[in-house]
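Chemist: Here you go, final-v7.cif (mmCIF, C-alpha atoms and all ligand atoms):
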```
data_target
#
loop_
_atom_site.label_atom_id
_atom_site.label_comp_id
_atom_site.auth_asym_id
_atom_site.auth_seq_id
_atom_site.Cartn_x
_atom_site.Cartn_y
_atom_site.Cartn_z
CA MET A 68 4.00 8.75 -19.45
CA GLN A 69 3.20 11.15 -16.64
CA VAL A 70 3.02 10.36 -12.97
CA LYS A 71 1.12 12.81 -10.80
CA GLN A 72 0.98 12.85 -7.01
CA LEU A 73 1.29 9.07 -6.99
CA SER A 74 1.01 7.44 -3.58
CA TYR A 75 0.65 3.94 -2.30
CA THR A 76 0.14 2.92 1.29
CA TYR A 77 0.25 -0.76 2.19
CA PRO A 78 -2.28 -2.22 4.60
CA GLN A 79 -1.36 -1.45 8.22
CA GLN A 80 -0.62 2.12 7.04
CA LYS A 81 2.87 1.18 5.84
CA ARG A 82 4.02 3.86 3.43
CA GLY A 83 5.18 2.54 0.04
CA ILE A 84 5.56 5.77 -1.93
CA ASP A 85 4.29 9.25 -1.29
CA ARG A 86 3.19 11.86 -3.84
CA LEU A 87 5.62 11.13 -6.68
CA ASP A 88 5.62 13.46 -9.68
CA PHE A 89 7.67 12.77 -12.81
CA THR A 90 7.49 12.40 -16.57
CA ILE A 91 8.94 9.67 -18.77
CA GLU A 92 9.74 11.13 -22.18
CA PRO A 93 8.96 8.86 -25.13
CA GLY A 94 12.12 7.22 -26.45
CA SER A 95 14.12 7.85 -23.26
CA MET A 96 15.85 5.57 -20.77
CA THR A 97 15.13 6.25 -17.11
CA ALA A 98 16.91 4.64 -14.17
CA VAL A 99 15.26 4.44 -10.76
CA ILE A 100 17.73 4.03 -7.93
CA GLY A 101 17.47 4.18 -4.15
CA PRO A 102 18.28 2.28 -0.97
CA ASN A 103 16.45 -0.88 0.13
CA GLY A 104 12.91 -0.09 1.16
CA SER A 105 12.86 3.29 -0.61
CA GLY A 106 9.81 2.42 -2.73
CA LYS A 107 11.30 1.30 -6.07
CA SER A 108 9.38 -1.99 -6.30
CA THR A 109 6.18 -0.31 -5.16
CA LEU A 110 6.54 2.26 -7.94
CA PHE A 111 7.33 -0.50 -10.43
CA LYS A 112 4.21 -2.46 -9.44
CA LEU A 113 2.06 0.64 -9.81
CA LEU A 114 3.48 1.35 -13.29
CA ALA A 115 2.88 -2.31 -14.18
CA ARG A 116 -0.70 -2.06 -12.83
CA GLU A 117 -0.02 -4.81 -10.32
CA LEU A 118 -1.05 -2.44 -7.53
CA LYS A 119 -3.69 0.28 -7.55
CA PRO A 120 -2.59 3.71 -6.30
CA THR A 121 -4.10 4.89 -3.04
CA ALA A 122 -3.86 8.42 -4.48
CA GLY A 123 -2.65 10.07 -7.65
CA THR A 124 -2.70 9.06 -11.30
CA ILE A 125 -0.43 7.57 -13.96
CA TYR A 126 -1.18 8.88 -17.45
CA LEU A 127 -0.25 7.19 -20.70
CA ASP A 128 -0.99 9.06 -23.92
CA GLN A 129 -2.80 11.64 -21.74
CA GLN A 130 -5.19 8.98 -20.40
CA PRO A 131 -5.21 7.48 -16.90
CA ILE A 132 -3.82 3.95 -17.25
CA THR A 133 -6.94 2.59 -15.55
CA MET A 134 -8.80 3.47 -18.79
CA PHE A 135 -6.88 0.82 -20.76
CA SER A 136 -8.11 -2.76 -20.97
CA ALA A 137 -5.56 -5.37 -19.83
CA LYS A 138 -4.78 -6.27 -23.44
CA ALA A 139 -4.54 -2.65 -24.58
CA TYR A 140 -2.15 -1.90 -21.71
CA ALA A 141 -0.07 -4.98 -22.50
CA ARG A 142 0.30 -3.70 -26.07
CA LYS A 143 1.76 -0.47 -24.66
CA VAL A 144 3.74 -1.57 -21.61
CA ALA A 145 5.74 -4.76 -21.06
CA VAL A 146 7.38 -5.81 -17.84
CA VAL A 147 10.50 -7.85 -17.09
CA HIS A 148 10.53 -8.89 -13.45
CA GLN A 149 13.54 -9.60 -11.33
CA HIS A 150 12.30 -13.01 -10.24
CA ASN A 151 10.59 -14.92 -13.00
CA LEU A 152 8.91 -18.12 -11.91
CA LEU A 153 7.99 -20.94 -14.22
CA TYR A 154 5.74 -23.60 -12.75
CA ASP A 155 6.21 -26.04 -15.61
CA ASP A 156 9.06 -26.47 -17.96
CA ILE A 157 8.45 -24.97 -21.36
CA SER A 158 10.44 -24.38 -24.52
CA VAL A 159 11.88 -20.97 -25.33
CA LEU A 160 9.62 -20.56 -28.35
CA ASP A 161 6.44 -21.53 -26.47
CA LEU A 162 7.25 -19.09 -23.68
CA VAL A 163 7.96 -16.20 -26.03
CA ARG A 164 4.68 -16.95 -27.84
CA PHE A 165 2.83 -15.87 -24.69
CA GLY A 166 3.96 -12.34 -25.49
CA GLN A 167 1.62 -12.38 -28.46
CA LEU A 168 -1.47 -12.93 -26.30
CA PRO A 169 -2.43 -9.23 -26.26
CA TYR A 170 -2.91 -9.58 -30.03
CA HIS A 171 -4.62 -12.98 -30.22
CA SER A 172 -6.91 -15.16 -28.19
CA LEU A 173 -5.54 -17.96 -26.04
CA LEU A 174 -7.02 -20.55 -28.40
CA ALA A 175 -5.63 -19.07 -31.62
CA GLU A 176 -2.92 -20.98 -33.46
CA PRO A 177 0.49 -19.45 -32.73
CA ASP A 178 1.58 -16.98 -35.37
CA ASP A 179 5.36 -16.71 -35.26
CA VAL A 180 5.80 -14.00 -37.89
CA ALA A 181 6.39 -11.32 -35.26
CA ILE A 182 8.39 -13.59 -32.97
CA LYS A 183 11.08 -14.82 -35.36
CA PRO A 184 12.81 -11.45 -35.77
CA ILE A 185 12.83 -10.97 -31.99
CA LEU A 186 14.47 -14.36 -31.43
CA ASP A 187 17.01 -13.49 -34.13
CA TYR A 188 17.65 -10.07 -32.63
CA LEU A 189 18.30 -11.52 -29.18
CA GLU A 190 20.35 -14.38 -30.63
CA LEU A 191 17.89 -16.92 -29.29
CA THR A 192 17.01 -18.64 -32.58
CA PRO A 193 19.42 -21.57 -32.02
CA LEU A 194 17.88 -22.07 -28.56
CA GLN A 195 14.22 -21.81 -29.51
CA GLN A 196 13.42 -25.52 -29.01
CA GLN A 197 15.45 -25.76 -25.79
CA SER A 198 13.63 -26.08 -22.51
CA MET A 199 13.93 -23.08 -20.22
CA ALA A 200 15.16 -25.28 -17.37
CA LYS A 201 18.31 -26.11 -19.34
CA LEU A 202 19.34 -22.50 -20.00
CA SER A 203 21.79 -20.41 -18.01
CA GLY A 204 20.50 -17.45 -16.00
CA GLY A 205 21.77 -15.02 -18.63
CA GLN A 206 20.08 -16.91 -21.45
CA GLN A 207 16.84 -17.12 -19.47
CA GLN A 208 16.91 -13.37 -18.89
CA ARG A 209 17.14 -12.83 -22.65
CA VAL A 210 14.12 -15.10 -23.12
CA TRP A 211 12.08 -13.06 -20.62
CA LEU A 212 13.12 -9.97 -22.52
CA ALA A 213 12.03 -11.64 -25.78
CA LEU A 214 8.64 -12.42 -24.22
CA ALA A 215 8.26 -8.74 -23.29
CA LEU A 216 9.31 -7.63 -26.78
CA ALA A 217 6.80 -10.03 -28.37
CA GLN A 218 4.15 -7.76 -26.84
CA GLN A 219 5.52 -5.10 -29.24
CA PRO A 220 5.30 -2.53 -26.46
CA GLU A 221 6.24 1.13 -26.50
CA TYR A 222 7.40 1.03 -22.88
CA LEU A 223 9.59 -1.58 -21.23
CA LEU A 224 9.77 -1.76 -17.43
CA LEU A 225 12.64 -3.73 -15.94
CA ASP A 226 13.11 -4.53 -12.26
CA GLU A 227 16.83 -4.95 -11.54
CA PRO A 228 17.38 -6.73 -14.84
CA THR A 229 21.03 -7.58 -14.29
CA THR A 230 20.98 -8.70 -10.66
CA TYR A 231 21.53 -12.39 -11.34
CA LEU A 232 23.86 -11.98 -14.29
CA ASP A 233 27.63 -12.28 -14.21
CA LEU A 234 29.69 -9.23 -15.13
CA HIS A 235 29.95 -10.18 -18.79
CA PHE A 236 26.19 -10.70 -19.16
CA GLN A 237 25.44 -7.57 -17.15
CA ALA A 238 27.42 -5.49 -19.62
CA SER A 239 25.96 -7.16 -22.69
CA PHE A 240 22.40 -6.98 -21.34
CA MET A 241 22.70 -3.25 -20.70
CA GLU A 242 24.17 -2.76 -24.19
CA LEU A 243 21.23 -4.70 -25.57
CA LEU A 244 18.74 -2.44 -23.78
CA ALA A 245 20.51 0.63 -25.16
CA LYS A 246 20.35 -0.90 -28.64
CA LEU A 247 16.60 -1.59 -28.28
CA ASN A 248 16.12 1.98 -27.17
CA ARG A 249 18.12 3.33 -30.12
CA GLU A 250 16.90 1.06 -32.86
CA MET A 251 13.33 0.31 -31.83
CA HIS A 252 12.69 3.57 -29.96
CA LEU A 253 11.56 1.63 -26.92
CA THR A 254 11.03 3.80 -23.87
CA ILE A 255 12.79 2.07 -20.99
CA VAL A 256 12.28 2.45 -17.24
CA MET A 257 14.56 0.29 -15.12
CA ILE A 258 15.27 -0.17 -11.46
CA LEU A 259 19.02 -0.43 -11.04
CA HIS A 260 21.35 -0.94 -8.13
CA ASP A 261 24.53 -0.36 -10.10
CA LEU A 262 25.22 3.37 -10.06
CA ASN A 263 27.55 3.24 -13.07
CA GLN A 264 24.96 1.41 -15.15
CA ALA A 265 22.46 4.10 -14.18
CA ARG A 266 24.98 6.80 -15.09
CA HIS A 267 25.91 5.34 -18.47
CA PHE A 268 22.61 3.95 -19.70
CA SER A 269 20.00 6.57 -18.88
CA GLN A 270 19.08 10.11 -19.76
CA GLN A 271 17.02 10.56 -16.60
CA VAL A 272 17.65 9.27 -13.10
CA LEU A 273 15.11 9.26 -10.28
CA ILE A 274 16.51 8.75 -6.79
CA LEU A 275 14.01 7.48 -4.26
CA ALA A 276 14.50 7.61 -0.52
CA ASP A 277 11.88 6.79 2.08
CA GLY A 278 9.08 6.72 -0.51
CA ALA A 279 9.82 10.12 -2.06
CA ILE A 280 11.84 11.40 -5.01
CA VAL A 281 14.84 13.16 -3.50
CA ALA A 282 16.56 13.93 -6.80
CA ALA A 283 15.61 13.78 -10.47
CA GLY A 284 17.55 14.84 -13.53
CA THR A 285 20.40 13.85 -15.78
CA PRO A 286 22.73 11.18 -14.38
CA GLN A 287 25.62 13.66 -14.27
CA ALA A 288 23.57 16.13 -12.23
CA VAL A 289 22.02 13.60 -9.90
CA ILE A 290 24.54 10.81 -9.27
CA THR A 291 27.20 12.75 -7.43
CA PRO A 292 29.36 11.76 -4.45
CA ALA A 293 27.60 14.34 -2.25
CA ARG A 294 24.15 12.99 -3.14
CA LEU A 295 25.25 9.39 -2.72
CA ARG A 296 26.60 10.13 0.74
CA GLU A 297 23.31 11.75 1.70
CA VAL A 298 21.03 9.05 0.28
CA PHE A 299 23.03 5.83 0.66
CA GLN A 300 25.47 6.91 3.40
CA ILE A 301 28.37 5.77 1.25
CA ASN A 302 31.71 7.26 0.44
CA THR A 303 32.36 7.53 -3.30
CA GLU A 304 34.60 9.31 -5.74
CA LEU A 305 34.00 10.25 -9.34
CA ILE A 306 36.99 9.24 -11.42
CA THR A 307 37.70 10.07 -15.04
CA THR A 308 39.00 7.30 -17.26
CA THR A 309 39.59 7.00 -20.99
CA GLN A 310 36.10 5.47 -21.11
CA GLY A 311 34.39 8.35 -19.29
CA GLU A 312 33.48 9.08 -15.70
CA PHE A 313 32.84 6.35 -13.15
CA ILE A 314 31.68 6.27 -9.56
CA VAL A 315 34.01 4.26 -7.33
CA GLN A 316 32.89 3.26 -3.87
CA LEU A 317 35.48 3.79 -1.14
CA PRO A 318 35.49 2.34 2.37
CA ASN A 319 33.34 4.35 4.78
CA GLN A 320 36.28 4.42 7.19
CA PRO A 321 39.82 4.93 5.91
CA THR A 322 41.65 1.56 5.89
CA ALA A 323 44.81 1.10 7.98
CA ASN A 324 47.14 0.88 4.95
N1 LIG B 401 3.73 -6.19 0.98
C1 LIG B 401 4.10 -5.20 1.78
N2 LIG B 401 3.40 -4.95 2.93
C2 LIG B 401 3.74 -3.92 3.74
N3 LIG B 401 4.74 -3.08 3.50
C3 LIG B 401 5.48 -3.28 2.37
C4 LIG B 401 5.19 -4.34 1.45
N4 LIG B 401 6.07 -4.27 0.42
C5 LIG B 401 6.88 -3.22 0.69
N5 LIG B 401 6.52 -2.62 1.84
C6 LIG B 401 7.14 -1.45 2.46
O1 LIG B 401 7.08 -0.36 1.55
C7 LIG B 401 8.29 0.38 1.57
C8 LIG B 401 8.89 0.40 0.16
O2 LIG B 401 9.25 -0.93 -0.18
P1 LIG B 401 9.73 -1.36 -1.65
O3 LIG B 401 9.73 -2.85 -1.71
O4 LIG B 401 8.92 -0.62 -2.65
O5 LIG B 401 11.22 -0.79 -1.65
P2 LIG B 401 12.43 -1.07 -2.66
O6 LIG B 401 13.07 0.26 -2.88
O7 LIG B 401 11.95 -1.80 -3.84
O8 LIG B 401 13.37 -1.97 -1.77
P3 LIG B 401 14.47 -3.10 -2.23
O9 LIG B 401 15.65 -2.35 -2.82
O10 LIG B 401 14.82 -3.72 -0.93
O11 LIG B 401 13.81 -4.05 -3.19
C9 LIG B 401 9.20 -0.29 2.60
O12 LIG B 401 9.08 0.42 3.81
C10 LIG B 401 8.62 -1.68 2.74
O13 LIG B 401 8.82 -2.18 4.03
#
```
Please go through the file and, once you have read it, give me the structure as structure tokens.
Ligand SMILES: Nc1ncnc2c1ncn2[C@@H]1O[C@H](COP(=O)(O)OP(=O)(O)OP(=O)(O)O)[C@@H](O)[C@H]1O
Modeler:
Amino acid sequence: MQVKQLSYTYPQQKRGIDRLDFTIEPGSMTAVIGPNGSGKSTLFKLLARELKPTAGTIYLDQQPITMFSAKAYARKVAVVHQHNLLYDDISVLDLVRFGQLPYHSLLAEPDDVAIKPILDYLELTPLQQQSMAKLSGGQQQRVWLALALAQQPEYLLLDEPTTYLDLHFQASFMELLAKLNREMHLTIVMILHDLNQARHFSQQVLILADGAIVAAGTPQAVITPARLREVFQINTELITTTQGEFIVQLPNQPTAN
């Protein structure tokens, strides 16, 4: 996927993003980080075709993404949103079946051959008849991921996928994404707020600030205390542990003791 000179301006001339250029390598994991209002969600919506660029082009397989029909695009790119709204209660299996729509018509009988292995893989098989309303936030997030995987996409876009998960589920969800990337060669683009998740689970990091890319590269090159001070105005230190390097946030002002 290639993004060239991509810009989006909201009505009332409010700048969303401005002339972004980057490439997503097939099979890679990319983290997009940046302060509030830096343009992450705007970029995500453009990649998901929920907004139309005011300038610039996104290419997929060397073709502008506007050339794909909705179904053809859904077979290539699946999206997991941060807030997922359900208007009616529905069972896990019925919800995940919607992921198959790019392959069938709405009226076709459900064909669960492709769905069963996904439910197994995400350990959702025992929950498949459960109603969504009765699941925990972490379980629900896995169901939304299953729905996206049922599209059998090549690219998976995730908007802050771990925001509402507790620390245990955050860790296991990120491990799961890494496993999907490794074993299914899914190309993953995710907006993250957690700098250590970005550091440990991506090969490429894009830092946005004020609608522009201010740094792009490997996590080690890009997520540094100096850069974090500049972009987020925070005080951090890189510490080395037996498990690797971690960013630790320190108080902006030294504490009394
Ligand atoms: N619907 C909208 N109408 C007008 N301006 C908007 C709209 N949505 C976002 N913006 C503006 O576009 C800019 C980028 O916002 P965006 O939501 O993409 O940032 P973000 O990095 O996702 O922020 P956050 O971390 O808070 O979710 C901001 O200045 C924001 O005020």
Chemist: Give as a PyMOL selection string the residues surrounding ligand LIG 401 (chain B) up to a distance of 9 Å, considering only C-alpha atoms and all ligand atoms.
Modeler: chain A and resi 75-84+100-112+226-227+258+260+275-278
Chemist: Got a sec to check which residues sit within 12 Å of (17.9, -17.6, -29.3), counting all atoms listed in the file, and write them as JSON, numbers by chain?
Modeler: {"A": [158, 159, 160, 163, 182, 183, 184, 185, 186, 187, 188, 189, 190, 191, 192, 193, 194, 195, 196, 197, 198, 199, 202, 205, 206, 207, 208, 209, 210, 211, 212, 213, 214]}
Chemist: Near Arg249 (chain A), counting all atoms listed in the file, which residues have an atom at most 12 Å away, once you skip same-chain residues fewer than 2 positions from it, shown as a PyMOL selection string?
Modeler: chain A and resi 93-96+242-247+251-255+268-269
Chemist: Nearest residue to Tyr222 (chain A) out of A:Asp128, A:Glu117, A:Asp155, A:Asp261, using all atoms listed in the file?
Modeler: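 Closest residue, counting all atoms listed in the file: A:Asp128.
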Chemist: Kindly indicate which residue among A:Ala139, A:Val289, A:Ile91, A:Ile306 lies nearest to Leu114 (chain A), using all atoms listed in the file for the distances.
Modeler: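 The shortest atom-to-atom distance to Leu114 (chain A) comes from A:Ile91.
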Chemist: If we count all atoms listed in the file and set the cut-off at 12 Å, which residues sit around Glu176 (chain A), ignoring sequence neighbours fewer than 5 positions away in its own chain? Please answer as JSON, numbers by chain.
Modeler: {"A": [161, 164, 165, 167, 168, 170, 171]}
Chemist: Neighbouring residues of Leu305 (chain A) were defined as those with any atom within 10 Å, considering all atoms listed in the file; residues of the same chain fewer than 2 positions away were excluded. Please report them as a compact mmCIF listing (two decimals) with C-alpha atoms, in the frame of the given file.
Modeler:
```txt
# COMPACT_ATOMS: atom_id res chain seq x y z
CA ILE A 290 24.54 10.81 -9.27
CA THR A 291 27.20 12.75 -7.43
CA PRO A 292 29.36 11.76 -4.45
CA THR A 303 32.36 7.53 -3.30
CA THR A 307 37.70 10.07 -15.04
CA THR A 308 39.00 7.30 -17.26
CA GLU A 312 33.48 9.08 -15.70
CA PHE A 313 32.84 6.35 -13.15
CA ILE A 314 31.68 6.27 -9.56
CA VAL A 315 34.01 4.26 -7.33
CA GLN A 316 32.89 3.26 -3.87
```
Chemist: Would you compute the distance between CA of Leu152 (chain A) and CA of Leu232 (chain A)? Give it in Å to one decimal.
Modeler: 16.3 Å
